[in-house]
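A.B. asks: I am attaching a structure below and will ask some questions about it afterwards.
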Amino acid sequence: MTAAAALLVYASAIGFLAPPLMLRSDWPQHSPALAVAAWHALAVSFTAALALAAYHLATPAEHLHAGLTGLLHSCGLTAGPGSSPDPDAADSLAIALPVAVALLPLGSFVFEVLRARLDRSRHRHVLDIVGRRSAALRATVVDHERPAAYCLPGHRSRVVVSAGALRRLSADQLAAVLEHERAHIAGRHHLAMALSEAFARAFRWLPLARHAREQTSVLLEMIADDRALRSHPRDVLATALYEMAASAAPRGAFSAGGPAALLRLQRVLVPGRRPHPALSATMAATTVIVPLLPLLIGCAPAIG
């Protein structure tokens, strides 16, 4: 099997077979931060495999010869052994194709970051008009009957809570919700979400892209829940989640409620057993190794 074929088979396995395995596993709910890293590692690995496959398909076979230069060229790390300063069309194509594949999600990431920043900036302007700053809560309060709480992360971050939430929640419940929202800001979760959104935009036909975006959103909320549980009892946070389940947030923000609130409520009330340290170590090592596998597959012809 040629390196290009092997890379395409690997990319197909990562893009179509890996997501069901992740979804059927229990460990992501117990180690959400590691699970987010794993989804991102799969996305990076798929992109690298696709880019290297494009490189091998566009590279003339006679360029893949032995030696250190040939090894680097086979791995996609040089423009081509013996290439002249004026590369021919094949050399140019061998460079342009993988660069285009790599730039597709990268460009989408930049777009998602800028779009979300613009959305948050517009919403902050509205909050400056209709909201009132509460120094005691370190949050902006808006007059709205429905219980709601969300945060605007990034530059000039802000936590927002509705008057309905102030009336419905106890002091401890409100403190737990606000801690949840501050966890999103401190963890820069908007960047992790932008990565998943960008990958989904670039490869919207791919199951990995769709599931990575959905699961990253839920897992980031679980990470924030775990942060709130460090200083608040489980029953307090669970009751607050129940009250806020129907709340929503503007685009570019993180809400304490939302579609996954009931799943998170069950997780808070009935915490499962944490994964065995050996399993956690194995998954962490796999998360580090997976992005490197396409490079090893691409190098195989030169090594052999």
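Ordered as shown in the structure tokens, chains take letters A, B, and onward, while each chain numbers its residues from 1 and ligands are numbered from 1 in the order shown.
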Select from region 202-264 of chain A everything DSSP, run on the backbone, classes as helix (DSSP H, G or I), then give the selection as number ranges by chain.

C.D. replies: A: 202, 207-229, 234-244, 261-264

A.B. asks: Could you give me, as a compact mmCIF listing (two decimals) with C-alpha atoms, in the first residue's frame, the residues within 8 Å of region 192-200 of chain A, counting only C-alpha atoms and dropping anything in the same chain fewer than 6 positions from it?

C.D. replies:
```
# COMPACT_ATOMS: atom_id res chain seq x y z
CA HIS A 40 -9.12 18.15 19.20
CA ALA A 43 -9.28 16.72 14.41
CA PRO A 105 -9.47 24.79 9.12
CA LEU A 106 -6.95 27.46 10.12
CA GLY A 107 -8.77 30.10 8.11
CA SER A 108 -12.08 28.89 9.53
CA PHE A 109 -10.66 29.25 13.05
CA PHE A 111 -13.10 33.54 10.99
CA GLU A 112 -14.86 31.97 13.99
CA VAL A 113 -12.74 33.91 16.49
CA LEU A 206 -17.46 14.56 8.26
CA ALA A 209 -16.38 17.29 12.71
CA ARG A 210 -20.07 17.21 13.67
CA ALA A 212 -16.48 17.03 17.89
CA ARG A 213 -18.41 20.30 17.85
CA THR A 216 -16.93 19.92 22.91
CA SER A 217 -19.86 22.18 23.76
```

A.B. asks: From the set A:Pro153, A:Pro147, A:Pro19, A:Gly187, which residue has the shortest atom-to-atom contact distance to Arg117 (chain A), counting only C-alpha atoms?

C.D. replies: A:Pro153

A.B. asks: Skip Ser45 (chain A) itself and residues of its chain fewer than 5 positions away, then list as an MDAnalysis selection string all residues within 9 Å of it, counting only C-alpha atoms.

C.D. replies: chainID A and resid 11 14 40 50 290:294

A.B. asks: Could you save those same residues with N, CA, C and O atoms as an mmCIF file, in the first residue's frame?

C.D. replies:
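Here's the written file result-v8.cif:
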```
data_model
loop_
_atom_site.group_PDB
_atom_site.id
_atom_site.type_symbol
_atom_site.label_atom_id
_atom_site.label_comp_id
_atom_site.auth_asym_id
_atom_site.auth_seq_id
_atom_site.Cartn_x
_atom_site.Cartn_y
_atom_site.Cartn_z
ATOM 1 N N ALA A 11 -7.124 8.427 7.600
ATOM 2 C CA ALA A 11 -8.014 9.581 7.750
ATOM 3 C C ALA A 11 -9.469 9.140 7.783
ATOM 4 O O ALA A 11 -10.275 9.679 8.555
ATOM 5 N N ILE A 14 -10.192 7.704 11.229
ATOM 6 C CA ILE A 14 -10.315 8.775 12.227
ATOM 7 C C ILE A 14 -11.613 9.549 12.025
ATOM 8 O O ILE A 14 -12.313 9.897 12.984
ATOM 9 N N HIS A 40 -9.965 17.238 19.970
ATOM 10 C CA HIS A 40 -9.117 18.148 19.201
ATOM 11 C C HIS A 40 -7.943 17.401 18.572
ATOM 12 O O HIS A 40 -7.535 17.711 17.437
ATOM 13 N N LEU A 50 -4.890 14.089 5.934
ATOM 14 C CA LEU A 50 -5.421 14.526 4.636
ATOM 15 C C LEU A 50 -4.404 15.381 3.886
ATOM 16 O O LEU A 50 -4.225 15.242 2.673
ATOM 17 N N VAL A 290 -1.695 10.524 18.831
ATOM 18 C CA VAL A 290 -2.558 10.494 17.649
ATOM 19 C C VAL A 290 -2.210 11.572 16.613
ATOM 20 O O VAL A 290 -2.165 11.280 15.405
ATOM 21 N N PRO A 291 -1.946 12.823 16.999
ATOM 22 C CA PRO A 291 -1.607 13.817 15.967
ATOM 23 C C PRO A 291 -0.301 13.510 15.236
ATOM 24 O O PRO A 291 -0.077 14.031 14.136
ATOM 25 N N LEU A 292 0.572 12.677 15.834
ATOM 26 C CA LEU A 292 1.853 12.357 15.214
ATOM 27 C C LEU A 292 1.772 11.167 14.260
ATOM 28 O O LEU A 292 2.679 10.964 13.458
ATOM 29 N N LEU A 293 0.717 10.377 14.355
ATOM 30 C CA LEU A 293 0.621 9.168 13.546
ATOM 31 C C LEU A 293 0.647 9.445 12.037
ATOM 32 O O LEU A 293 1.283 8.688 11.291
ATOM 33 N N PRO A 294 -0.040 10.463 11.535
ATOM 34 C CA PRO A 294 0.050 10.716 10.078
ATOM 35 C C PRO A 294 1.474 10.954 9.606
ATOM 36 O O PRO A 294 1.845 10.520 8.505
#
```

A.B. asks: Ala148 (chain A): which residues within 12 Å, counting only C-alpha atoms, same-chain residues fewer than 6 positions away excluded, as a PyMOL selection string?

C.D. replies: chain A and resi 140-142+159-169+174+177-178+181+240-250+254-258

A.B. asks: Which of these, A:Tyr150, A:Phe46, A:Trp27, A:Phe203, has the shortest distance to Gly272 (chain A) once you count only C-alpha atoms?

C.D. replies: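 Closest to Gly272 (chain A), using only C-alpha atoms: A:Trp27.
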
A.B. asks: For a quick check of understanding, using only C-alpha atoms, which of A:Ala37, A:Ala6, A:Leu152, A:Leu23 has the smallest distance to Val288 (chain A)?

C.D. replies: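 Of the candidates, the smallest distance to Val288 (chain A) is held by A:Ala37.
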
A.B. asks: Can you work out the spacing between CA of Met283 (chain A) and CA of Ala35 (chain A) in Å, to one decimal?

C.D. replies: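 According to the coordinates, CA of Met283 (chain A) and CA of Ala35 (chain A) are separated by 8.7 Å.
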
A.B. asks: I'd like to know which residues of region 34-256 of chain A are strand (DSSP E) (by DSSP, run on the backbone); could you write them as a PyMOL selection string?

C.D. replies: chain A and resi 132-134+139-142+149-152+158-162+254-255

A.B. asks: Which is closer to His123 (chain A) than all the others in A:Gln215, A:Ser170, A:Ser157, A:Thr59, using only C-alpha atoms?

C.D. replies: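 Among A:Gln215, A:Ser170, A:Ser157, A:Thr59, it is A:Ser157 that comes nearest to His123 (chain A).
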
A.B. asks: My list of candidates is A:His189, A:Ala41, A:Ala58, A:Thr239. Which is closest to Ala285 (chain A) when distances are computed with only C-alpha atoms?

C.D. replies: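 When distances to Ala285 (chain A) are compared using only C-alpha atoms, the smallest one comes from A:Ala41.
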